[in-house]
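my_file_33.cif (mmCIF, N, CA and C atoms and all ligand atoms) appears below.
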```cif
data_data
loop_
_atom_site.label_atom_id
_atom_site.label_comp_id
_atom_site.auth_asym_id
_atom_site.auth_seq_id
_atom_site.Cartn_x
_atom_site.Cartn_y
_atom_site.Cartn_z
N MET M 1 -25.31 -4.33 -14.96
CA MET M 1 -24.68 -3.09 -14.46
C MET M 1 -23.16 -3.21 -14.56
N GLU M 2 -22.66 -4.36 -14.07
CA GLU M 2 -21.21 -4.54 -14.10
C GLU M 2 -20.69 -4.52 -15.54
N ASN M 3 -21.44 -5.21 -16.44
CA ASN M 3 -21.02 -5.23 -17.83
C ASN M 3 -21.07 -3.84 -18.46
N GLN M 4 -22.10 -3.08 -18.08
CA GLN M 4 -22.20 -1.72 -18.60
C GLN M 4 -20.99 -0.90 -18.20
N GLU M 5 -20.58 -1.05 -16.93
CA GLU M 5 -19.43 -0.30 -16.46
C GLU M 5 -18.18 -0.71 -17.21
N LYS M 6 -18.03 -2.01 -17.44
CA LYS M 6 -16.84 -2.48 -18.14
C LYS M 6 -16.80 -1.95 -19.56
N SER M 7 -17.96 -1.99 -20.25
CA SER M 7 -17.94 -1.59 -21.64
C SER M 7 -17.76 -0.09 -21.80
N SER M 8 -18.13 0.70 -20.77
CA SER M 8 -17.99 2.14 -20.91
C SER M 8 -16.67 2.65 -20.34
N CYS M 9 -15.87 1.78 -19.75
CA CYS M 9 -14.61 2.21 -19.16
C CYS M 9 -13.63 2.57 -20.26
N LEU M 10 -12.94 3.69 -20.08
CA LEU M 10 -11.99 4.14 -21.09
C LEU M 10 -10.57 3.67 -20.81
N CYS M 11 -10.37 2.89 -19.74
CA CYS M 11 -9.04 2.32 -19.48
C CYS M 11 -8.73 1.37 -20.62
N GLY M 12 -7.49 1.33 -21.03
CA GLY M 12 -7.17 0.45 -22.14
C GLY M 12 -5.78 -0.13 -22.06
N VAL M 13 -5.63 -1.28 -22.67
CA VAL M 13 -4.32 -1.91 -22.80
C VAL M 13 -4.08 -2.13 -24.28
N SER M 14 -2.99 -1.62 -24.79
CA SER M 14 -2.60 -1.93 -26.16
C SER M 14 -1.09 -1.95 -26.18
N GLU M 15 -0.52 -2.11 -27.36
CA GLU M 15 0.95 -2.14 -27.46
C GLU M 15 1.57 -0.91 -26.80
N TYR M 16 0.93 0.25 -27.01
CA TYR M 16 1.45 1.50 -26.47
C TYR M 16 0.48 2.03 -25.41
N MET M 17 1.00 2.21 -24.21
CA MET M 17 0.16 2.65 -23.10
C MET M 17 0.76 3.87 -22.41
N VAL M 18 -0.09 4.64 -21.76
CA VAL M 18 0.38 5.77 -20.97
C VAL M 18 -0.25 5.72 -19.57
N LEU M 19 0.57 6.05 -18.58
CA LEU M 19 0.11 6.18 -17.20
C LEU M 19 0.51 7.58 -16.73
N ALA M 20 -0.29 8.17 -15.86
CA ALA M 20 -0.01 9.51 -15.34
C ALA M 20 -0.03 9.48 -13.82
N CYS M 21 0.84 10.31 -13.21
CA CYS M 21 0.78 10.39 -11.74
C CYS M 21 -0.53 11.01 -11.30
N SER M 22 -1.10 11.87 -12.16
CA SER M 22 -2.41 12.49 -11.89
C SER M 22 -2.46 13.14 -10.52
N GLY M 23 -1.33 13.74 -10.10
CA GLY M 23 -1.27 14.34 -8.78
C GLY M 23 -2.19 15.55 -8.63
N ALA M 24 -2.35 15.99 -7.38
CA ALA M 24 -3.31 17.06 -7.08
C ALA M 24 -2.82 18.43 -7.52
N CYS M 25 -1.51 18.59 -7.66
CA CYS M 25 -0.97 19.92 -7.99
C CYS M 25 -1.13 20.21 -9.48
N ASP M 26 -0.69 21.42 -9.86
CA ASP M 26 -0.79 21.83 -11.27
C ASP M 26 -0.10 20.84 -12.20
N LEU M 27 1.10 20.42 -11.86
CA LEU M 27 1.85 19.53 -12.76
C LEU M 27 1.23 18.14 -12.81
N GLY M 28 0.70 17.69 -11.69
CA GLY M 28 0.00 16.40 -11.69
C GLY M 28 -1.24 16.47 -12.56
N GLN M 29 -1.93 17.57 -12.49
CA GLN M 29 -3.12 17.76 -13.34
C GLN M 29 -2.73 17.75 -14.81
N ILE M 30 -1.60 18.36 -15.11
CA ILE M 30 -1.14 18.40 -16.50
C ILE M 30 -0.83 16.98 -17.00
N THR M 31 -0.19 16.16 -16.17
CA THR M 31 0.08 14.78 -16.61
C THR M 31 -1.22 14.06 -16.96
N ASP M 32 -2.22 14.32 -16.17
CA ASP M 32 -3.51 13.65 -16.39
C ASP M 32 -4.16 14.12 -17.69
N ILE M 33 -4.16 15.42 -17.90
CA ILE M 33 -4.76 15.97 -19.13
C ILE M 33 -4.01 15.47 -20.36
N VAL M 34 -2.68 15.47 -20.27
CA VAL M 34 -1.87 15.03 -21.42
C VAL M 34 -2.11 13.54 -21.70
N ALA M 35 -2.17 12.73 -20.67
CA ALA M 35 -2.41 11.29 -20.87
C ALA M 35 -3.77 11.08 -21.55
N ARG M 36 -4.77 11.84 -21.14
CA ARG M 36 -6.11 11.70 -21.75
C ARG M 36 -6.11 12.18 -23.21
N LYS M 37 -5.31 13.20 -23.49
CA LYS M 37 -5.20 13.67 -24.88
C LYS M 37 -4.51 12.62 -25.76
N LEU M 38 -3.49 12.00 -25.21
CA LEU M 38 -2.80 10.93 -25.96
C LEU M 38 -3.78 9.81 -26.26
N ARG M 39 -4.60 9.50 -25.30
CA ARG M 39 -5.63 8.47 -25.50
C ARG M 39 -6.63 8.93 -26.56
N ASP M 40 -7.15 10.15 -26.42
CA ASP M 40 -8.19 10.62 -27.33
C ASP M 40 -7.67 10.72 -28.77
N ASN M 41 -6.38 11.00 -28.92
CA ASN M 41 -5.79 11.09 -30.25
C ASN M 41 -5.24 9.74 -30.73
N GLU M 42 -5.51 8.71 -29.94
CA GLU M 42 -5.13 7.33 -30.30
C GLU M 42 -3.63 7.16 -30.49
N VAL M 43 -2.87 7.93 -29.67
CA VAL M 43 -1.42 7.76 -29.67
C VAL M 43 -1.04 6.60 -28.75
N ARG M 44 -1.64 6.57 -27.58
CA ARG M 44 -1.45 5.50 -26.61
C ARG M 44 -2.76 5.25 -25.87
N LYS M 45 -2.95 4.06 -25.40
CA LYS M 45 -4.07 3.79 -24.49
C LYS M 45 -3.68 4.28 -23.11
N MET M 46 -4.64 4.88 -22.41
CA MET M 46 -4.39 5.30 -21.03
C MET M 46 -4.90 4.21 -20.08
N ASN M 47 -4.12 3.95 -19.06
CA ASN M 47 -4.62 3.07 -18.02
C ASN M 47 -4.30 3.67 -16.66
N CYS M 48 -4.64 2.96 -15.59
CA CYS M 48 -4.64 3.53 -14.25
C CYS M 48 -3.37 3.15 -13.48
N LEU M 49 -2.62 4.15 -13.08
CA LEU M 49 -1.47 3.89 -12.22
C LEU M 49 -1.91 3.23 -10.91
N ALA M 50 -3.10 3.57 -10.46
CA ALA M 50 -3.61 3.01 -9.21
C ALA M 50 -3.70 1.49 -9.25
N VAL M 51 -3.91 0.95 -10.44
CA VAL M 51 -3.97 -0.51 -10.58
C VAL M 51 -2.63 -1.13 -10.17
N VAL M 52 -1.55 -0.45 -10.57
CA VAL M 52 -0.21 -0.95 -10.21
C VAL M 52 0.02 -0.75 -8.71
N GLY M 53 -0.34 0.43 -8.22
CA GLY M 53 -0.18 0.71 -6.79
C GLY M 53 -0.94 -0.25 -5.92
N ALA M 54 -2.09 -0.67 -6.40
CA ALA M 54 -2.93 -1.59 -5.63
C ALA M 54 -2.45 -3.04 -5.74
N GLY M 55 -1.49 -3.27 -6.62
CA GLY M 55 -0.94 -4.63 -6.74
C GLY M 55 -1.86 -5.60 -7.45
N ILE M 56 -2.61 -5.11 -8.42
CA ILE M 56 -3.51 -6.00 -9.17
C ILE M 56 -2.66 -6.82 -10.15
N GLU M 57 -2.31 -8.03 -9.75
CA GLU M 57 -1.26 -8.79 -10.44
C GLU M 57 -1.54 -9.05 -11.91
N LYS M 58 -2.75 -9.40 -12.22
CA LYS M 58 -3.04 -9.74 -13.63
C LYS M 58 -2.79 -8.54 -14.53
N SER M 59 -3.27 -7.38 -14.10
CA SER M 59 -3.06 -6.17 -14.89
C SER M 59 -1.59 -5.82 -14.96
N ILE M 60 -0.89 -5.97 -13.85
CA ILE M 60 0.54 -5.64 -13.83
C ILE M 60 1.29 -6.51 -14.82
N GLU M 61 0.99 -7.79 -14.85
CA GLU M 61 1.68 -8.67 -15.80
C GLU M 61 1.33 -8.29 -17.24
N ASP M 62 0.08 -7.91 -17.49
CA ASP M 62 -0.31 -7.44 -18.83
C ASP M 62 0.47 -6.17 -19.20
N PHE M 63 0.53 -5.24 -18.27
CA PHE M 63 1.19 -3.96 -18.53
C PHE M 63 2.68 -4.16 -18.85
N LYS M 64 3.30 -5.13 -18.18
CA LYS M 64 4.75 -5.34 -18.34
C LYS M 64 5.13 -5.77 -19.75
N LYS M 65 4.15 -6.25 -20.49
CA LYS M 65 4.43 -6.69 -21.87
C LYS M 65 4.31 -5.52 -22.85
N LYS M 66 3.93 -4.34 -22.38
CA LYS M 66 3.62 -3.22 -23.26
C LYS M 66 4.71 -2.15 -23.25
N ASN M 67 4.62 -1.28 -24.25
CA ASN M 67 5.47 -0.10 -24.32
C ASN M 67 4.77 0.99 -23.49
N ILE M 68 5.31 1.26 -22.29
CA ILE M 68 4.64 2.18 -21.36
C ILE M 68 5.36 3.51 -21.30
N LEU M 69 4.58 4.58 -21.37
CA LEU M 69 5.09 5.92 -21.08
C LEU M 69 4.52 6.35 -19.74
N MET M 70 5.41 6.63 -18.79
CA MET M 70 5.00 7.11 -17.46
C MET M 70 5.19 8.62 -17.41
N LEU M 71 4.12 9.35 -17.06
CA LEU M 71 4.19 10.81 -16.92
C LEU M 71 4.14 11.19 -15.44
N ASP M 72 5.21 11.76 -14.94
CA ASP M 72 5.24 12.27 -13.57
C ASP M 72 5.31 13.79 -13.59
N GLY M 73 4.72 14.41 -12.59
CA GLY M 73 4.72 15.86 -12.54
C GLY M 73 6.01 16.45 -12.02
N CYS M 74 6.59 15.83 -10.99
CA CYS M 74 7.71 16.45 -10.29
C CYS M 74 8.71 15.39 -9.82
N PRO M 75 9.84 15.82 -9.27
CA PRO M 75 10.90 14.86 -8.91
C PRO M 75 10.57 13.93 -7.75
N ILE M 76 9.44 14.05 -7.15
CA ILE M 76 9.07 13.03 -6.16
C ILE M 76 8.85 11.70 -6.87
N ASP M 77 8.55 11.81 -8.17
CA ASP M 77 8.54 10.61 -9.04
C ASP M 77 7.59 9.50 -8.55
N CYS M 78 6.41 9.86 -8.17
CA CYS M 78 5.48 8.86 -7.62
C CYS M 78 5.23 7.72 -8.60
N GLY M 79 4.98 8.08 -9.85
CA GLY M 79 4.70 7.03 -10.83
C GLY M 79 5.89 6.13 -11.04
N LYS M 80 7.05 6.76 -11.18
CA LYS M 80 8.29 5.98 -11.39
C LYS M 80 8.53 5.04 -10.21
N GLN M 81 8.32 5.55 -9.01
CA GLN M 81 8.56 4.70 -7.83
C GLN M 81 7.59 3.52 -7.80
N ILE M 82 6.36 3.78 -8.15
CA ILE M 82 5.36 2.71 -8.15
C ILE M 82 5.74 1.64 -9.19
N LEU M 83 6.14 2.09 -10.38
CA LEU M 83 6.52 1.12 -11.42
C LEU M 83 7.78 0.35 -11.01
N ASP M 84 8.75 1.06 -10.48
CA ASP M 84 10.00 0.39 -10.09
C ASP M 84 9.74 -0.66 -9.00
N LYS M 85 8.92 -0.30 -8.04
CA LYS M 85 8.63 -1.25 -6.95
C LYS M 85 7.89 -2.47 -7.47
N ALA M 86 7.13 -2.29 -8.54
CA ALA M 86 6.38 -3.42 -9.10
C ALA M 86 7.21 -4.20 -10.12
N GLY M 87 8.47 -3.79 -10.30
CA GLY M 87 9.37 -4.56 -11.15
C GLY M 87 9.33 -4.21 -12.62
N PHE M 88 8.80 -3.04 -12.97
CA PHE M 88 8.80 -2.62 -14.38
C PHE M 88 10.21 -2.21 -14.80
N LYS M 89 10.58 -2.59 -16.02
CA LYS M 89 11.89 -2.24 -16.58
C LYS M 89 11.67 -1.58 -17.94
N ASP M 90 12.60 -0.73 -18.32
CA ASP M 90 12.66 -0.20 -19.69
C ASP M 90 11.40 0.55 -20.13
N TYR M 91 10.70 1.15 -19.22
CA TYR M 91 9.55 1.95 -19.65
C TYR M 91 10.04 3.35 -20.02
N LYS M 92 9.24 4.04 -20.83
CA LYS M 92 9.56 5.41 -21.23
C LYS M 92 9.10 6.34 -20.11
N TYR M 93 9.75 7.51 -20.02
CA TYR M 93 9.49 8.35 -18.87
C TYR M 93 9.55 9.83 -19.23
N LEU M 94 8.62 10.59 -18.69
CA LEU M 94 8.66 12.05 -18.84
C LEU M 94 8.25 12.70 -17.52
N ARG M 95 9.13 13.59 -17.04
CA ARG M 95 8.86 14.34 -15.80
C ARG M 95 8.65 15.79 -16.20
N VAL M 96 7.50 16.34 -15.84
CA VAL M 96 7.12 17.68 -16.34
C VAL M 96 8.11 18.75 -15.88
N THR M 97 8.65 18.63 -14.68
CA THR M 97 9.61 19.65 -14.23
C THR M 97 10.88 19.65 -15.09
N ASP M 98 11.18 18.55 -15.74
CA ASP M 98 12.36 18.52 -16.62
C ASP M 98 12.18 19.40 -17.84
N LEU M 99 10.95 19.81 -18.10
CA LEU M 99 10.69 20.73 -19.22
C LEU M 99 10.76 22.19 -18.77
N GLY M 100 11.12 22.40 -17.50
CA GLY M 100 11.31 23.75 -17.00
C GLY M 100 10.13 24.31 -16.21
N TYR M 101 9.11 23.52 -16.02
CA TYR M 101 7.94 24.00 -15.28
C TYR M 101 8.13 23.80 -13.79
N LYS M 102 7.58 24.72 -13.00
CA LYS M 102 7.73 24.66 -11.55
C LYS M 102 6.42 24.26 -10.89
N LYS M 103 6.55 23.33 -9.96
CA LYS M 103 5.38 22.86 -9.23
C LYS M 103 4.78 24.01 -8.41
N GLY M 104 3.48 24.17 -8.51
CA GLY M 104 2.80 25.22 -7.76
C GLY M 104 2.85 26.58 -8.43
N GLN M 105 3.56 26.67 -9.56
CA GLN M 105 3.70 27.97 -10.23
C GLN M 105 3.41 27.87 -11.72
N THR M 106 2.74 26.81 -12.12
CA THR M 106 2.52 26.59 -13.56
C THR M 106 1.04 26.67 -13.88
N PRO M 107 0.66 27.57 -14.76
CA PRO M 107 -0.75 27.63 -15.13
C PRO M 107 -1.14 26.39 -15.94
N VAL M 108 -2.29 25.85 -15.65
CA VAL M 108 -2.78 24.71 -16.44
C VAL M 108 -3.55 25.30 -17.62
N ASN M 109 -2.81 25.69 -18.64
CA ASN M 109 -3.46 26.31 -19.79
C ASN M 109 -3.08 25.58 -21.09
N GLU M 110 -3.68 26.02 -22.16
CA GLU M 110 -3.50 25.33 -23.45
C GLU M 110 -2.04 25.31 -23.90
N GLU M 111 -1.34 26.40 -23.65
CA GLU M 111 0.05 26.50 -24.10
C GLU M 111 0.92 25.46 -23.39
N VAL M 112 0.77 25.36 -22.09
CA VAL M 112 1.58 24.41 -21.32
C VAL M 112 1.19 22.98 -21.69
N ILE M 113 -0.10 22.75 -21.75
CA ILE M 113 -0.56 21.39 -22.09
C ILE M 113 -0.04 20.99 -23.48
N LYS M 114 -0.08 21.91 -24.42
CA LYS M 114 0.40 21.58 -25.77
C LYS M 114 1.89 21.27 -25.76
N ASN M 115 2.64 22.04 -25.01
CA ASN M 115 4.09 21.81 -24.97
C ASN M 115 4.41 20.43 -24.37
N VAL M 116 3.75 20.10 -23.27
CA VAL M 116 4.00 18.79 -22.65
C VAL M 116 3.48 17.68 -23.57
N TYR M 117 2.33 17.91 -24.15
CA TYR M 117 1.76 16.91 -25.07
C TYR M 117 2.70 16.66 -26.25
N ASP M 118 3.18 17.75 -26.86
CA ASP M 118 4.05 17.60 -28.03
C ASP M 118 5.32 16.83 -27.69
N THR M 119 5.81 17.01 -26.48
CA THR M 119 7.01 16.26 -26.04
C THR M 119 6.66 14.79 -25.83
N ALA M 120 5.52 14.54 -25.20
CA ALA M 120 5.13 13.16 -24.88
C ALA M 120 4.75 12.37 -26.14
N GLU M 121 4.15 13.06 -27.09
CA GLU M 121 3.60 12.38 -28.27
C GLU M 121 4.67 11.67 -29.10
N ILE M 122 5.88 12.22 -29.09
CA ILE M 122 6.92 11.64 -29.95
C ILE M 122 7.85 10.69 -29.21
N ILE M 123 7.52 10.37 -27.96
CA ILE M 123 8.33 9.40 -27.22
C ILE M 123 7.85 8.00 -27.56
N TYR M 124 8.74 7.22 -28.13
CA TYR M 124 8.46 5.81 -28.37
C TYR M 124 9.62 4.98 -27.92
S1 LIG E 201 5.07 12.96 -9.01
FE1 LIG E 201 4.81 14.98 -8.04
S2 LIG E 201 2.99 15.83 -9.05
FE2 LIG E 201 2.95 13.62 -9.41
S3 LIG E 201 1.69 12.75 -7.74
FE3 LIG E 201 3.86 12.66 -7.11
S4 LIG E 201 4.13 14.55 -5.91
FE4 LIG E 201 2.29 14.83 -7.15
#
```

In structure tokens, how does this file's structure come out?
Ligand code: SF4
Amino acid sequence: MENQEKSSCLCGVSEYMVLACSGACDLGQITDIVARKLRDNEVRKMNCLAVVGAGIEKSIEDFKKKNILMLDGCPIDCGKQILDKAGFKDYKYLRVTDLGYKKGQTPVNEEVIKNVYDTAEIIY
């Protein structure tokens, strides 16, 4: 059972990784959708920000060796704060509100997702 769960898990570590704040609001949802699209299109592997928040040391040390893109929805910067507290340096960063979207007022639709995705896809 445990092996089955491991082999079916879509979390990944590779040279290029993406983490999303995956917050409950519209913009957090968009970070999550965009991170999954980056993964599905094999632009970056997606992994779990919660792993860093939980202090899982082995994963954190693995992640620190990678090119990480952190996607946050709004200026509360939850993902950024989690990475900074865990000692991450020089990671790539995208905050959805910096693209002009407003928290609580942004439709989670194809147009918005495409715009955020297109911005995230070319960050290296
Ligand atoms: S950064 Fe903003 S949208 Fe993302 S989890 Fe934090 S409060 Fe929610």

**Item:** Spatial neighbours of range 92-101 of chain M, 8 Å, only C-alpha atoms, chain gap at least 2 places, as a PyMOL selection string
**Value:** chain M and resi 27+31+67-75+77+80+90+103+105-106+116+120+123-124

**Request:** Give the helix (DSSP H, G or I) residues of range 44-78 of chain M, as assigned by DSSP on the backbone, as a list in words.
**Result:**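 Taking range 44-78 of chain M and keeping helix (DSSP H, G or I) only, one gets Leu49, Ala50, Val51, Val52, Gly53, Glu57, Lys58, Ser59, Ile60, Glu61, Asp62, Phe63, Lys64 and Cys78 of chain M.
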
**Request:** Please return as a ChimeraX atom specification: the residues of chain M that backbone DSSP assigns to strand (DSSP E or B).
**Result:** /M:16-20,45-46,67-72,92-95

Put the listed atoms of ligand LIG 201 (chain E) in a box along x, y and z with 8 Å added on every side and give me the centre and edge lengths in Å to one decimal, as lines of an AutoDock Vina configuration file.
```
center_x = 3.4
center_y = 14.2
center_z = -7.7
size_x = 19.4
size_y = 19.2
size_z = 19.5
```

**Prompt:** In Å, how far is it from CA of Cys48 in chain M to CA of Val112 in chain M?
**Reply:** 22.9 Å

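For Tyr16 in chain M, the list of residues within 8 Å, based on all atoms listed in the file and with local chain neighbours fewer than 3 positions off taken out, reads Gly12, Val13, Leu19, Val43, Arg44, Lys45, Met46, Lys65, Lys66, Asn67, Ile68 and Leu69 of chain M.
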
**Best match for closeness to Ile122 in chain M among M:Asp62, M:Ile76, M:Leu38, M:Lys89, counting only C-alpha atoms** =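 Closest residue, counting only C-alpha atoms: M:Leu38.
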
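Between atom N of Ile33 in chain M and atom N of Lys114 in chain M the separation is 10.1 Å.
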
**Request:** Tell me which of M:Asp32, M:Glu61, M:Glu110, M:Asp26 sits closest to Leu83 in chain M, counting only C-alpha atoms.
**Result:**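 Nearest candidate to Leu83 in chain M out of M:Asp32, M:Glu61, M:Glu110, M:Asp26: M:Glu61.
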
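A straight line drawn from CA of Cys11 in chain M to atom N of Asn47 in chain M is 5.2 Å long.
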
**Request:** Choose the residue, out of M:Gly87, M:Gly28, M:Gly53, M:Gly104, that has the smallest atom-to-atom separation from ligand LIG 201 (chain E); count only C-alpha atoms and all ligand atoms.
**Result:**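 Once distances to ligand LIG 201 (chain E) are computed over only C-alpha atoms and all ligand atoms, the minimum belongs to M:Gly28.
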
Using C-alpha atoms, give me range 19-78 of chain M from the structure I just pasted, as a PDB file, in the first residue's frame.
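For reference, selection-v7.pdb as written:
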```pdb
ATOM      1  CA  LEU M  19       5.867  25.391  -5.388  1.00  0.00           C
ATOM      2  CA  ALA M  20       2.511  27.154  -4.972  1.00  0.00           C
ATOM      3  CA  CYS M  21       0.936  28.859  -1.973  1.00  0.00           C
ATOM      4  CA  SER M  22      -2.264  27.044  -3.028  1.00  0.00           C
ATOM      5  CA  GLY M  23      -4.267  29.420  -0.848  1.00  0.00           C
ATOM      6  CA  ALA M  24      -8.031  29.201  -0.406  1.00  0.00           C
ATOM      7  CA  CYS M  25      -8.822  32.411  -2.288  1.00  0.00           C
ATOM      8  CA  ASP M  26      -9.099  32.907  -6.038  1.00  0.00           C
ATOM      9  CA  LEU M  27      -5.445  33.875  -6.445  1.00  0.00           C
ATOM     10  CA  GLY M  28      -4.248  30.987  -4.295  1.00  0.00           C
ATOM     11  CA  GLN M  29      -6.292  28.638  -6.432  1.00  0.00           C
ATOM     12  CA  ILE M  30      -4.708  30.115  -9.536  1.00  0.00           C
ATOM     13  CA  THR M  31      -1.187  29.474  -8.194  1.00  0.00           C
ATOM     14  CA  ASP M  32      -2.147  25.871  -7.652  1.00  0.00           C
ATOM     15  CA  ILE M  33      -3.645  25.403 -11.114  1.00  0.00           C
ATOM     16  CA  VAL M  34      -0.666  27.083 -12.780  1.00  0.00           C
ATOM     17  CA  ALA M  35       1.846  24.964 -10.834  1.00  0.00           C
ATOM     18  CA  ARG M  36       0.004  21.799 -11.915  1.00  0.00           C
ATOM     19  CA  LYS M  37      -0.010  22.970 -15.534  1.00  0.00           C
ATOM     20  CA  LEU M  38       3.731  23.602 -15.390  1.00  0.00           C
ATOM     21  CA  ARG M  39       4.125  20.078 -14.096  1.00  0.00           C
ATOM     22  CA  ASP M  40       1.795  18.546 -16.694  1.00  0.00           C
ATOM     23  CA  ASN M  41       3.637  20.355 -19.492  1.00  0.00           C
ATOM     24  CA  GLU M  42       6.965  19.169 -18.052  1.00  0.00           C
ATOM     25  CA  VAL M  43       8.240  22.699 -17.530  1.00  0.00           C
ATOM     26  CA  ARG M  44       8.943  22.132 -13.832  1.00  0.00           C
ATOM     27  CA  LYS M  45       8.266  19.414 -11.298  1.00  0.00           C
ATOM     28  CA  MET M  46       5.686  20.421  -8.705  1.00  0.00           C
ATOM     29  CA  ASN M  47       6.279  19.694  -5.076  1.00  0.00           C
ATOM     30  CA  CYS M  48       4.587  20.529  -1.778  1.00  0.00           C
ATOM     31  CA  LEU M  49       5.158  23.791   0.038  1.00  0.00           C
ATOM     32  CA  ALA M  50       3.732  22.034   3.093  1.00  0.00           C
ATOM     33  CA  VAL M  51       6.834  19.844   3.185  1.00  0.00           C
ATOM     34  CA  VAL M  52       8.915  22.968   3.811  1.00  0.00           C
ATOM     35  CA  GLY M  53       6.406  24.347   6.312  1.00  0.00           C
ATOM     36  CA  ALA M  54       6.468  21.082   8.199  1.00  0.00           C
ATOM     37  CA  GLY M  55      10.256  21.201   8.415  1.00  0.00           C
ATOM     38  CA  ILE M  56      10.929  17.922   6.635  1.00  0.00           C
ATOM     39  CA  GLU M  57      14.700  18.367   6.620  1.00  0.00           C
ATOM     40  CA  LYS M  58      15.705  15.839   4.002  1.00  0.00           C
ATOM     41  CA  SER M  59      13.296  17.265   1.448  1.00  0.00           C
ATOM     42  CA  ILE M  60      14.281  20.825   2.328  1.00  0.00           C
ATOM     43  CA  GLU M  61      17.953  20.063   1.724  1.00  0.00           C
ATOM     44  CA  ASP M  62      17.052  18.401  -1.602  1.00  0.00           C
ATOM     45  CA  PHE M  63      14.923  21.379  -2.641  1.00  0.00           C
ATOM     46  CA  LYS M  64      17.714  23.857  -1.823  1.00  0.00           C
ATOM     47  CA  LYS M  65      19.873  22.359  -4.556  1.00  0.00           C
ATOM     48  CA  LYS M  66      17.199  23.033  -7.209  1.00  0.00           C
ATOM     49  CA  ASN M  67      16.009  25.919  -9.338  1.00  0.00           C
ATOM     50  CA  ILE M  68      12.750  26.754  -7.530  1.00  0.00           C
ATOM     51  CA  LEU M  69       9.907  28.938  -8.712  1.00  0.00           C
ATOM     52  CA  MET M  70       7.638  30.027  -5.843  1.00  0.00           C
ATOM     53  CA  LEU M  71       4.108  31.136  -6.808  1.00  0.00           C
ATOM     54  CA  ASP M  72       2.284  33.295  -4.262  1.00  0.00           C
ATOM     55  CA  GLY M  73      -1.185  34.695  -4.729  1.00  0.00           C
ATOM     56  CA  CYS M  74      -0.960  37.946  -2.791  1.00  0.00           C
ATOM     57  CA  PRO M  75       1.390  40.205  -0.815  1.00  0.00           C
ATOM     58  CA  ILE M  76       0.974  38.226   2.383  1.00  0.00           C
ATOM     59  CA  ASP M  77       3.646  36.150   0.651  1.00  0.00           C
ATOM     60  CA  CYS M  78       3.024  32.921   2.551  1.00  0.00           C
TER      61      CYS M  78
END
```
